[in-house]
>>> print(open('query24.cif').read())   # mmCIF, C-alpha atoms
data_run
#
loop_
_atom_site.group_PDB
_atom_site.id
_atom_site.type_symbol
_atom_site.label_atom_id
_atom_site.label_comp_id
_atom_site.auth_asym_id
_atom_site.auth_seq_id
_atom_site.Cartn_x
_atom_site.Cartn_y
_atom_site.Cartn_z
ATOM 1 C CA MET A 1268 0.000 0.000 0.000
ATOM 2 C CA ASP A 1269 1.200 3.512 -0.799
ATOM 3 C CA SER A 1270 1.780 5.144 2.579
ATOM 4 C CA THR A 1271 1.808 8.566 0.880
ATOM 5 C CA ALA A 1272 -1.690 8.051 -0.518
ATOM 6 C CA VAL A 1273 -4.882 9.270 1.135
ATOM 7 C CA ASN A 1274 -5.642 6.392 3.505
ATOM 8 C CA THR A 1275 -8.293 6.070 6.174
ATOM 9 C CA ASN A 1276 -9.402 3.584 8.813
ATOM 10 C CA ILE A 1277 -12.975 2.315 8.814
ATOM 11 C CA THR A 1278 -14.914 0.495 11.532
ATOM 12 C CA VAL A 1279 -17.209 -2.387 10.595
ATOM 13 C CA ASP A 1280 -19.838 -3.403 13.159
ATOM 14 C CA ASP A 1281 -20.979 -6.950 13.834
ATOM 15 C CA PHE A 1282 -24.441 -6.054 12.430
ATOM 16 C CA ASP A 1283 -23.102 -4.655 9.130
ATOM 17 C CA SER A 1284 -24.106 -6.582 6.013
ATOM 18 C CA VAL A 1285 -20.545 -6.560 4.679
ATOM 19 C CA VAL A 1286 -19.726 -9.218 7.286
ATOM 20 C CA TYR A 1287 -21.121 -12.666 6.532
ATOM 21 C CA TYR A 1288 -22.455 -15.249 9.005
ATOM 22 C CA PRO A 1289 -22.950 -18.677 7.376
ATOM 23 C CA ASP A 1290 -25.488 -19.536 10.087
ATOM 24 C CA GLN A 1291 -26.999 -16.705 12.132
ATOM 25 C CA SER A 1292 -28.760 -19.232 14.388
ATOM 26 C CA THR A 1293 -25.423 -20.197 15.976
ATOM 27 C CA TRP A 1294 -24.966 -16.667 17.365
ATOM 28 C CA GLN A 1295 -26.772 -14.625 20.018
ATOM 29 C CA THR A 1296 -27.097 -10.830 19.923
ATOM 30 C CA PRO A 1297 -28.892 -7.992 21.696
ATOM 31 C CA ASP A 1298 -32.096 -6.783 20.027
ATOM 32 C CA PRO A 1299 -31.588 -3.135 18.970
ATOM 33 C CA SER A 1300 -35.355 -2.651 18.571
ATOM 34 C CA SER A 1301 -36.129 -3.710 22.151
ATOM 35 C CA PRO A 1302 -37.534 -0.874 24.338
ATOM 36 C CA SER A 1303 -34.848 -1.673 26.909
ATOM 37 C CA PHE A 1304 -31.961 -1.455 24.421
ATOM 38 C CA ASN A 1305 -29.559 1.383 25.234
ATOM 39 C CA ALA A 1306 -26.379 1.373 23.148
ATOM 40 C CA SER A 1307 -24.721 4.090 25.222
ATOM 41 C CA ALA A 1308 -25.069 1.987 28.378
ATOM 42 C CA THR A 1309 -22.850 -0.795 26.990
ATOM 43 C CA PRO A 1310 -19.154 -0.899 26.055
ATOM 44 C CA TRP A 1311 -19.931 -2.464 22.651
ATOM 45 C CA TRP A 1312 -19.647 -0.653 19.335
ATOM 46 C CA MET A 1313 -23.182 0.458 18.346
ATOM 47 C CA GLY A 1314 -24.364 -1.429 21.448
ATOM 48 C CA THR A 1315 -24.348 -4.825 19.692
ATOM 49 C CA TYR A 1316 -22.214 -7.948 19.523
ATOM 50 C CA HIS A 1317 -22.376 -11.543 18.263
ATOM 51 C CA LYS A 1318 -21.763 -14.190 20.902
ATOM 52 C CA THR A 1319 -21.652 -17.975 20.529
ATOM 53 C CA ASP A 1320 -20.953 -21.180 22.446
ATOM 54 C CA ILE A 1321 -21.273 -23.293 19.297
ATOM 55 C CA ILE A 1322 -18.086 -24.942 18.057
ATOM 56 C CA GLY A 1323 -17.539 -24.074 14.395
ATOM 57 C CA ALA A 1324 -19.641 -20.892 14.391
ATOM 58 C CA SER A 1325 -17.921 -18.374 12.131
ATOM 59 C CA VAL A 1326 -18.016 -14.930 10.554
ATOM 60 C CA THR A 1327 -16.259 -13.833 7.355
ATOM 61 C CA PHE A 1328 -15.173 -10.453 6.022
ATOM 62 C CA ASN A 1329 -13.714 -9.648 2.593
ATOM 63 C CA PHE A 1330 -11.505 -6.563 2.386
ATOM 64 C CA THR A 1331 -8.841 -4.838 0.313
ATOM 65 C CA GLY A 1332 -6.063 -3.328 2.388
ATOM 66 C CA PRO A 1333 -2.886 -3.924 4.375
ATOM 67 C CA ALA A 1334 -4.236 -3.986 7.929
ATOM 68 C CA ILE A 1335 -7.077 -5.418 9.972
ATOM 69 C CA PHE A 1336 -7.936 -5.448 13.682
ATOM 70 C CA VAL A 1337 -10.645 -7.686 15.166
ATOM 71 C CA TYR A 1338 -12.260 -6.879 18.521
ATOM 72 C CA GLY A 1339 -14.324 -9.040 20.854
ATOM 73 C CA HIS A 1340 -14.159 -9.928 24.531
ATOM 74 C CA SER A 1341 -12.072 -11.951 26.965
ATOM 75 C CA GLY A 1342 -12.792 -13.560 30.325
ATOM 76 C CA PRO A 1343 -13.041 -16.853 32.201
ATOM 77 C CA SER A 1344 -15.783 -18.327 29.971
ATOM 78 C CA TYR A 1345 -13.922 -17.711 26.700
ATOM 79 C CA GLY A 1346 -11.914 -20.380 24.895
ATOM 80 C CA SER A 1347 -9.915 -20.693 21.689
ATOM 81 C CA TYR A 1348 -10.712 -19.334 18.259
ATOM 82 C CA GLU A 1349 -9.155 -19.462 14.828
ATOM 83 C CA VAL A 1350 -8.431 -16.535 12.536
ATOM 84 C CA GLU A 1351 -7.906 -17.507 8.914
ATOM 85 C CA ILE A 1352 -6.576 -15.025 6.356
ATOM 86 C CA ASP A 1353 -5.974 -16.228 2.824
ATOM 87 C CA SER A 1354 -5.644 -19.870 3.967
ATOM 88 C CA THR A 1355 -3.204 -19.041 6.803
ATOM 89 C CA VAL A 1356 -4.715 -20.080 10.151
ATOM 90 C CA SER A 1357 -3.777 -18.745 13.605
ATOM 91 C CA THR A 1358 -5.201 -20.265 16.798
ATOM 92 C CA LEU A 1359 -5.599 -17.877 19.735
ATOM 93 C CA SER A 1360 -7.401 -17.830 23.078
ATOM 94 C CA GLY A 1361 -9.856 -15.382 24.610
ATOM 95 C CA TYR A 1362 -9.408 -16.794 28.090
ATOM 96 C CA ALA A 1363 -8.587 -14.404 30.929
ATOM 97 C CA PRO A 1364 -9.068 -14.922 34.670
ATOM 98 C CA ASN A 1365 -11.388 -11.876 34.825
ATOM 99 C CA ASN A 1366 -13.832 -10.369 32.357
ATOM 100 C CA ALA A 1367 -12.397 -7.422 30.434
ATOM 101 C CA SER A 1368 -14.144 -4.098 31.068
ATOM 102 C CA GLY A 1369 -14.678 -3.505 27.358
ATOM 103 C CA PRO A 1370 -13.795 -4.734 23.868
ATOM 104 C CA THR A 1371 -10.605 -6.800 23.611
ATOM 105 C CA LEU A 1372 -8.278 -7.000 20.611
ATOM 106 C CA LEU A 1373 -8.654 -10.577 19.381
ATOM 107 C CA TYR A 1374 -6.394 -10.357 16.327
ATOM 108 C CA SER A 1375 -4.350 -7.859 14.353
ATOM 109 C CA ALA A 1376 -2.311 -7.844 11.139
ATOM 110 C CA SER A 1377 -0.697 -4.681 9.804
ATOM 111 C CA ASN A 1378 1.763 -5.982 7.210
ATOM 112 C CA LEU A 1379 -0.535 -7.526 4.628
ATOM 113 C CA THR A 1380 -0.114 -6.798 0.945
ATOM 114 C CA TYR A 1381 -2.418 -4.182 -0.546
ATOM 115 C CA ALA A 1382 -4.699 -6.747 -2.160
ATOM 116 C CA SER A 1383 -8.013 -8.523 -1.683
ATOM 117 C CA HIS A 1384 -8.131 -10.666 1.453
ATOM 118 C CA THR A 1385 -10.670 -12.908 3.170
ATOM 119 C CA LEU A 1386 -10.738 -13.124 6.962
ATOM 120 C CA THR A 1387 -12.688 -15.788 8.844
ATOM 121 C CA LEU A 1388 -13.102 -15.794 12.627
ATOM 122 C CA ARG A 1389 -14.123 -19.257 13.864
ATOM 123 C CA ASN A 1390 -14.977 -20.567 17.333
ATOM 124 C CA VAL A 1391 -13.108 -23.722 18.363
ATOM 125 C CA GLY A 1392 -13.917 -23.639 22.100
ATOM 126 C CA ALA A 1393 -11.782 -24.972 24.936
ATOM 127 C CA LYS A 1394 -8.639 -26.408 23.374
ATOM 128 C CA ASN A 1395 -5.047 -27.250 24.260
ATOM 129 C CA GLY A 1396 -5.605 -26.960 27.986
ATOM 130 C CA ASP A 1397 -7.685 -23.754 27.927
ATOM 131 C CA ALA A 1398 -8.841 -22.919 31.424
ATOM 132 C CA GLY A 1399 -11.920 -21.265 29.915
ATOM 133 C CA GLY A 1400 -15.023 -22.505 28.137
ATOM 134 C CA ASN A 1401 -16.509 -22.503 24.654
ATOM 135 C CA THR A 1402 -17.604 -18.868 24.340
ATOM 136 C CA LEU A 1403 -16.533 -16.443 21.603
ATOM 137 C CA LEU A 1404 -17.714 -12.838 21.266
ATOM 138 C CA PHE A 1405 -17.241 -10.671 18.147
ATOM 139 C CA ASP A 1406 -17.893 -6.927 18.484
ATOM 140 C CA TYR A 1407 -16.366 -5.083 15.502
ATOM 141 C CA LEU A 1408 -13.340 -4.853 13.244
ATOM 142 C CA GLN A 1409 -11.252 -2.073 11.756
ATOM 143 C CA THR A 1410 -9.378 -1.997 8.474
ATOM 144 C CA THR A 1411 -7.414 0.503 6.404
ATOM 145 C CA ILE A 1412 -8.527 1.505 2.917
ATOM 146 C CA GLN A 1413 -6.977 3.736 0.275
ATOM 147 C CA LEU A 1414 -9.271 6.554 -0.797
ATOM 148 C CA ALA A 1415 -7.109 8.289 -3.391
ATOM 149 C CA PRO A 1416 -3.536 8.544 -4.739
ATOM 150 C CA ALA A 1417 -0.828 10.663 -3.146
ATOM 151 C CA GLY A 1418 -1.429 14.389 -3.464
ATOM 152 C CA ALA A 1419 -5.173 14.088 -3.961
ATOM 153 C CA THR A 1420 -7.688 16.111 -1.998
ATOM 154 C CA VAL A 1421 -10.760 14.213 -0.851
ATOM 155 C CA SER A 1422 -14.138 15.327 0.443
ATOM 156 C CA ASN A 1423 -17.348 13.547 1.375
ATOM 157 C CA THR A 1424 -20.705 13.972 -0.343
ATOM 158 C CA THR A 1425 -23.761 12.365 1.278
ATOM 159 C CA TYR A 1426 -26.699 11.340 -0.911
ATOM 160 C CA GLU A 1427 -29.803 10.852 1.206
ATOM 161 C CA GLU A 1428 -32.492 8.511 -0.075
ATOM 162 C CA ASP A 1429 -34.553 11.355 -1.596
ATOM 163 C CA ASN A 1430 -31.681 12.881 -3.600
ATOM 164 C CA VAL A 1431 -32.592 13.282 -7.279
ATOM 165 C CA ALA A 1432 -29.264 11.705 -8.252
ATOM 166 C CA LEU A 1433 -30.627 8.353 -7.068
ATOM 167 C CA LYS A 1434 -32.634 6.573 -9.771
ATOM 168 C CA TYR A 1435 -35.283 4.089 -8.609
ATOM 169 C CA SER A 1436 -37.043 1.355 -10.546
ATOM 170 C CA GLY A 1437 -39.982 -0.617 -9.196
ATOM 171 C CA THR A 1438 -42.145 0.285 -6.208
ATOM 172 C CA TRP A 1439 -40.458 1.982 -3.253
ATOM 173 C CA SER A 1440 -41.915 3.507 -0.096
ATOM 174 C CA SER A 1441 -40.475 5.861 2.505
ATOM 175 C CA ASN A 1442 -40.202 5.829 6.278
ATOM 176 C CA LYS A 1443 -39.262 8.603 8.706
ATOM 177 C CA SER A 1444 -37.358 8.279 11.987
ATOM 178 C CA PRO A 1445 -34.687 10.319 13.783
ATOM 179 C CA ASN A 1446 -32.614 7.117 13.846
ATOM 180 C CA PHE A 1447 -32.142 7.220 10.071
ATOM 181 C CA SER A 1448 -29.480 9.356 8.396
ATOM 182 C CA GLY A 1449 -31.223 12.552 7.328
ATOM 183 C CA GLY A 1450 -34.372 11.396 9.118
ATOM 184 C CA GLY A 1451 -35.652 9.074 6.403
ATOM 185 C CA THR A 1452 -35.214 5.883 4.403
ATOM 186 C CA SER A 1453 -36.523 4.303 1.203
ATOM 187 C CA TYR A 1454 -37.492 0.641 1.147
ATOM 188 C CA THR A 1455 -38.991 -1.988 -1.140
ATOM 189 C CA ASN A 1456 -40.087 -5.602 -1.080
ATOM 190 C CA GLU A 1457 -40.526 -5.844 -4.833
ATOM 191 C CA ASP A 1458 -38.367 -8.487 -6.452
ATOM 192 C CA ARG A 1459 -35.735 -6.966 -8.764
ATOM 193 C CA ALA A 1460 -36.527 -3.381 -7.721
ATOM 194 C CA THR A 1461 -33.356 -1.306 -8.059
ATOM 195 C CA VAL A 1462 -31.717 1.938 -7.015
ATOM 196 C CA SER A 1463 -28.758 3.350 -8.957
ATOM 197 C CA LEU A 1464 -26.254 6.156 -8.581
ATOM 198 C CA SER A 1465 -23.792 7.476 -11.164
ATOM 199 C CA PHE A 1466 -20.896 9.394 -9.663
ATOM 200 C CA HIS A 1467 -17.326 10.589 -10.002
ATOM 201 C CA GLY A 1468 -15.400 9.560 -6.911
ATOM 202 C CA SER A 1469 -12.730 7.286 -5.506
ATOM 203 C CA ALA A 1470 -14.900 5.536 -2.918
ATOM 204 C CA VAL A 1471 -18.531 4.891 -2.063
ATOM 205 C CA TYR A 1472 -20.264 3.694 1.108
ATOM 206 C CA VAL A 1473 -23.903 2.510 1.201
ATOM 207 C CA PHE A 1474 -25.817 2.523 4.490
ATOM 208 C CA GLY A 1475 -29.231 1.167 5.443
ATOM 209 C CA ASP A 1476 -31.139 -0.622 8.179
ATOM 210 C CA LYS A 1477 -31.338 -4.290 9.192
ATOM 211 C CA LYS A 1478 -34.448 -6.269 10.089
ATOM 212 C CA ASN A 1479 -35.654 -9.869 10.109
ATOM 213 C CA ASP A 1480 -37.953 -9.211 7.142
ATOM 214 C CA HIS A 1481 -34.973 -8.107 5.034
ATOM 215 C CA GLY A 1482 -33.079 -10.527 2.827
ATOM 216 C CA LEU A 1483 -30.644 -10.813 -0.057
ATOM 217 C CA TYR A 1484 -29.641 -7.976 -2.345
ATOM 218 C CA SER A 1485 -27.037 -7.645 -5.084
ATOM 219 C CA VAL A 1486 -24.624 -4.813 -5.814
ATOM 220 C CA VAL A 1487 -23.182 -4.168 -9.270
ATOM 221 C CA LEU A 1488 -20.443 -1.590 -9.867
ATOM 222 C CA ASP A 1489 -19.662 -0.581 -13.465
ATOM 223 C CA ASN A 1490 -21.225 -3.731 -14.958
ATOM 224 C CA LYS A 1491 -18.855 -6.007 -13.062
ATOM 225 C CA THR A 1492 -19.928 -9.287 -11.470
ATOM 226 C CA ALA A 1493 -22.738 -8.831 -8.955
ATOM 227 C CA GLN A 1494 -21.891 -9.211 -5.272
ATOM 228 C CA VAL A 1495 -24.667 -10.612 -3.070
ATOM 229 C CA TYR A 1496 -25.181 -9.575 0.557
ATOM 230 C CA ASN A 1497 -27.712 -10.455 3.263
ATOM 231 C CA GLY A 1498 -29.712 -7.696 4.921
ATOM 232 C CA VAL A 1499 -31.422 -9.882 7.527
ATOM 233 C CA SER A 1500 -31.000 -8.635 11.070
ATOM 234 C CA GLY A 1501 -28.013 -9.673 13.130
ATOM 235 C CA CYS A 1502 -30.406 -11.357 15.564
ATOM 236 C CA GLY A 1503 -31.420 -13.932 12.993
ATOM 237 C CA GLY A 1504 -34.605 -15.808 13.809
ATOM 238 C CA ALA A 1505 -37.839 -16.298 11.888
ATOM 239 C CA PHE A 1506 -38.771 -14.084 8.942
ATOM 240 C CA GLY A 1507 -40.752 -11.112 10.279
ATOM 241 C CA GLY A 1508 -40.688 -7.476 11.344
ATOM 242 C CA THR A 1509 -38.447 -7.993 14.377
ATOM 243 C CA CYS A 1510 -34.982 -7.076 15.654
ATOM 244 C CA GLU A 1511 -34.552 -3.890 13.624
ATOM 245 C CA GLN A 1512 -31.295 -1.942 13.732
ATOM 246 C CA MET A 1513 -32.282 1.503 12.431
ATOM 247 C CA LYS A 1514 -28.928 3.107 13.098
ATOM 248 C CA PRO A 1515 -27.042 3.135 9.765
ATOM 249 C CA THR A 1516 -25.405 -0.203 8.989
ATOM 250 C CA LEU A 1517 -22.804 -0.642 6.248
ATOM 251 C CA GLU A 1518 -24.352 -2.429 3.258
ATOM 252 C CA PHE A 1519 -21.523 -1.973 0.748
ATOM 253 C CA ILE A 1520 -18.133 -0.285 0.428
ATOM 254 C CA VAL A 1521 -15.569 0.054 -2.335
ATOM 255 C CA SER A 1522 -12.511 2.319 -2.569
ATOM 256 C CA ASN A 1523 -9.470 3.198 -4.694
ATOM 257 C CA LEU A 1524 -11.592 3.859 -7.777
ATOM 258 C CA ASP A 1525 -10.278 5.867 -10.717
ATOM 259 C CA GLY A 1526 -11.573 9.290 -11.727
ATOM 260 C CA SER A 1527 -13.990 8.099 -14.406
ATOM 261 C CA LEU A 1528 -17.781 8.017 -14.150
ATOM 262 C CA HIS A 1529 -18.973 5.054 -12.089
ATOM 263 C CA THR A 1530 -22.425 3.526 -11.770
ATOM 264 C CA LEU A 1531 -23.563 1.593 -8.710
ATOM 265 C CA THR A 1532 -26.789 -0.446 -8.844
ATOM 266 C CA ILE A 1533 -28.440 -2.250 -5.921
ATOM 267 C CA GLU A 1534 -31.158 -4.818 -6.646
ATOM 268 C CA ASN A 1535 -33.530 -6.342 -4.115
ATOM 269 C CA LEU A 1536 -33.690 -10.147 -4.341
ATOM 270 C CA ALA A 1537 -37.060 -10.490 -2.628
ATOM 271 C CA GLY A 1538 -37.689 -14.169 -3.358
ATOM 272 C CA VAL A 1539 -40.727 -16.061 -2.123
ATOM 273 C CA ASN A 1540 -40.785 -14.226 1.217
ATOM 274 C CA LYS A 1541 -41.008 -10.839 -0.490
ATOM 275 C CA SER A 1542 -38.126 -9.686 1.679
ATOM 276 C CA PHE A 1543 -37.342 -6.000 2.047
ATOM 277 C CA PHE A 1544 -34.330 -3.847 1.265
ATOM 278 C CA GLY A 1545 -33.903 -0.400 2.838
ATOM 279 C CA GLU A 1546 -31.375 2.370 2.316
#
>>> encode(input="query24.cif", output="structure tokens")
Amino acid sequence: MDSTAVNTNITVDDFDSVVYYPDQSTWQTPDPSSPSFNASATPWWMGTYHKTDIIGASVTFNFTGPAIFVYGHSGPSYGSYEVEIDSTVSTLSGYAPNNASGPTLLYSASNLTYASHTLTLRNVGAKNGDAGGNTLLFDYLQTTIQLAPAGATVSNTTYEEDNVALKYSGTWSSNKSPNFSGGGTSYTNEDRATVSLSFHGSAVYVFGDKKNDHGLYSVVLDNKTAQVYNGVSGCGGAFGGTCEQMKPTLEFIVSNLDGSLHTLTIENLAGVNKSFFGE
């Protein structure tokens, strides 16, 4: 990675759709839509976490960059876990004689090549004489991305859901809440409904909400191969209007783009459940 370029660190929460859980049912989380939920009263990023006692439960994150830091928790009930990056596996332990007061650094790597990487965090439980148990907790991760080449000046432009630059196809509705960025959101449960944005820029972030009646959606950038993500809530559970995280969650990110005109298209893959997508 070019250290003279315009680089920035980003934080990815456990509820963000850019992290992938092969089986949500093997994890437990707080419910952000519960009346008793208070993110500021917890030490966790955005007030949420994913916690499991199931051996083999895992979470995966794809990223492009030279550094990554994974945070969770440590204490007497925590055991071993594996971190796999590009087929290289490290086995570590979250055991500590006392519970940490806040998030604990579970893994870090700062000398990776500037390339595409896949990280998988996997619970292996008590192993090799661990004094602890089978618990693993994942809170958030941080990674470094390159926004622009050396000497460039960058600025942020936010497109809210009602910006005329966004082009919608299909049937979309709107919802208002102070929890949403700009106070509002657009959503659809129509299969193949799309929203598109054409822009000049070196990076783009897409934010939306999460809920158990959300589902799969695809993202296409500049007619490249579609990438599919899952917008179902981090709580998992049965399909329905439960466990909503209305605070903005990261649905897609790409960086280090050239200066040409780019087009980003998101398509709702509603399927038989008529699942929703919101942004």
>>> axis_aligned_box(input="query24.cif", around="range 1372-1380 of chain A", padding_each_side="6 Å", output="lines of an AutoDock Vina configuration file")
center_x = -3.4
center_y = -7.6
center_z = 10.8
size_x = 22.4
size_y = 17.9
size_z = 31.7
>>> atom_distance(input="query24.cif", atom1="CA of Thr1371 in chain A", atom2="CA of Val1356 in chain A")
19.8 Å
>>> closest_residue(input="query24.cif", among="A:Pro1416, A:Pro1302, A:Gly1468, A:Pro1310", to="Glu1511 in chain A", atoms="all atoms listed in the file")
A:Pro1302
>>> atom_distance(input="query24.cif", atom1="CA of Glu1534 in chain A", atom2="CA of Val1486 in chain A")
6.6 Å
>>> resolve_selection(input="query24.cif", expression="the PyMOL selection byres ((chain A and resi 1393) around 12)", output="list in words")
Asp1320, Ile1321, Ile1322, Pro1343, Ser1344, Tyr1345, Gly1346, Ser1347, Tyr1348, Glu1349, Thr1358, Leu1359, Ser1360, Gly1361, Tyr1362, Asn1390, Val1391, Gly1392, Lys1394, Asn1395, Gly1396, Asp1397, Ala1398, Gly1399, Gly1400, Asn1401, Thr1402 and Leu1403 of chain A
>>> resolve_selection(input="query24.cif", expression="the PyMOL selection byres ((chain A and resi 1293) around 8)", output="MDAnalysis selection string")
chainID A and resid 1290:1292 1294:1295 1319:1321 1324
>>> closest_residue(input="query24.cif", among="A:Phe1328, A:Tyr1484, A:Trp1312, A:Tyr1381", to="Gln1413 in chain A", atoms="all atoms listed in the file")
A:Tyr1381
>>> closest_residue(input="query24.cif", among="A:His1340, A:Lys1443, A:Lys1477, A:Arg1459", to="Glu1518 in chain A", atoms="only C-alpha atoms")
A:Lys1477
>>> resolve_selection(input="query24.cif", expression="the PyMOL selection byres ((chain A and resi 1450) around 12)", output="list in words")
Glu1427, Glu1428, Asp1429, Ser1441, Asn1442, Lys1443, Ser1444, Pro1445, Asn1446, Phe1447, Ser1448, Gly1449, Gly1451, Thr1452, Ser1453, Met1513, Lys1514, Pro1515 and Glu1546 of chain A
>>> residues_around(input="query24.cif", residues="Ala1493 in chain A", least_positions_apart="2", cutoff="12 Å", atoms="all atoms listed in the file", output="short mmCIF file (atom, residue, chain, number, x, y, z; two decimals) with C-alpha atoms, keeping the file's coordinate frame")
data_model
loop_
_atom_site.label_atom_id
_atom_site.label_comp_id
_atom_site.auth_asym_id
_atom_site.auth_seq_id
_atom_site.Cartn_x
_atom_site.Cartn_y
_atom_site.Cartn_z
CA TYR A 1484 -29.64 -7.98 -2.35
CA SER A 1485 -27.04 -7.64 -5.08
CA VAL A 1486 -24.62 -4.81 -5.81
CA VAL A 1487 -23.18 -4.17 -9.27
CA LEU A 1488 -20.44 -1.59 -9.87
CA ASP A 1489 -19.66 -0.58 -13.46
CA ASN A 1490 -21.22 -3.73 -14.96
CA LYS A 1491 -18.86 -6.01 -13.06
CA VAL A 1495 -24.67 -10.61 -3.07
CA TYR A 1496 -25.18 -9.57 0.56
CA PHE A 1519 -21.52 -1.97 0.75
CA LEU A 1531 -23.56 1.59 -8.71
CA THR A 1532 -26.79 -0.45 -8.84
CA ILE A 1533 -28.44 -2.25 -5.92
CA GLU A 1534 -31.16 -4.82 -6.65
CA LEU A 1536 -33.69 -10.15 -4.34
#
>>> residues_around(input="query24.cif", residues="Gly1332 in chain A", least_positions_apart="2", cutoff="8 Å", atoms="all atoms listed in the file", output="PDB file with C-alpha atoms, keeping the file's coordinate frame")
ATOM      1  CA  MET A1268       0.000   0.000   0.000  1.00  0.00           C
ATOM      2  CA  PHE A1330     -11.505  -6.563   2.386  1.00  0.00           C
ATOM      3  CA  ALA A1334      -4.236  -3.986   7.929  1.00  0.00           C
ATOM      4  CA  ILE A1335      -7.077  -5.418   9.972  1.00  0.00           C
ATOM      5  CA  LEU A1379      -0.535  -7.526   4.628  1.00  0.00           C
ATOM      6  CA  THR A1380      -0.114  -6.798   0.945  1.00  0.00           C
ATOM      7  CA  TYR A1381      -2.418  -4.182  -0.546  1.00  0.00           C
ATOM      8  CA  ALA A1382      -4.699  -6.747  -2.160  1.00  0.00           C
ATOM      9  CA  SER A1383      -8.013  -8.523  -1.683  1.00  0.00           C
ATOM     10  CA  HIS A1384      -8.131 -10.666   1.453  1.00  0.00           C
ATOM     11  CA  THR A1410      -9.378  -1.997   8.474  1.00  0.00           C
ATOM     12  CA  THR A1411      -7.414   0.503   6.404  1.00  0.00           C
ATOM     13  CA  ILE A1412      -8.527   1.505   2.917  1.00  0.00           C
ATOM     14  CA  GLN A1413      -6.977   3.736   0.275  1.00  0.00           C
TER      15      GLN A1413
END
>>> residues_around(input="query24.cif", residues="Ser1522 in chain A", least_positions_apart="3", cutoff="6 Å", atoms="all atoms listed in the file", output="PyMOL selection string")
chain A and resi 1414+1469-1470
>>> closest_residue(input="query24.cif", among="A:Asp1458, A:Asp1281, A:Asp1476, A:Asp1406", to="Val1499 in chain A", atoms="all atoms listed in the file")
A:Asp1476
>>> residues_around(input="query24.cif", residues="Thr1385 in chain A", least_positions_apart="5", cutoff="8 Å", atoms="all atoms listed in the file", output="MDAnalysis selection string")
chainID A and resid 1327:1330 1351:1353
>>> write_last_selection(input="query24.cif", atoms="C-alpha atoms", output="PDB file, in the frame of the given file")
ATOM      1  CA  THR A1327     -16.259 -13.833   7.355  1.00  0.00           C
ATOM      2  CA  PHE A1328     -15.173 -10.453   6.022  1.00  0.00           C
ATOM      3  CA  ASN A1329     -13.714  -9.648   2.593  1.00  0.00           C
ATOM      4  CA  PHE A1330     -11.505  -6.563   2.386  1.00  0.00           C
ATOM      5  CA  GLU A1351      -7.906 -17.507   8.914  1.00  0.00           C
ATOM      6  CA  ILE A1352      -6.576 -15.025   6.356  1.00  0.00           C
ATOM      7  CA  ASP A1353      -5.974 -16.228   2.824  1.00  0.00           C
TER       8      ASP A1353
END
>>> closest_residue(input="query24.cif", among="A:Tyr1454, A:Tyr1472, A:Tyr1316, A:Phe1506", to="Tyr1435 in chain A", atoms="all atoms listed in the file")
A:Tyr1454
>>> atom_distance(input="query24.cif", atom1="CA of Leu1524 in chain A", atom2="CA of Gln1512 in chain A")
29.7 Å
>>> residues_around(input="query24.cif", residues="Thr1315 in chain A", least_positions_apart="3", cutoff="10 Å", atoms="all atoms listed in the file", output="list in words")
Asp1280, Asp1281, Phe1282, Thr1296, Pro1297, Asp1298, Pro1299, Phe1304, Asn1305, Ala1306, Thr1309, Pro1310, Trp1311, Trp1312, Lys1318, Phe1405, Asp1406, Tyr1407, Gly1501, Cys1502 and Gln1512 of chain A
>>> closest_residue(input="query24.cif", among="A:Thr1355, A:Asn1378, A:Ile1277, A:Pro1370", to="Gly1314 in chain A", atoms="only C-alpha atoms")
A:Pro1370
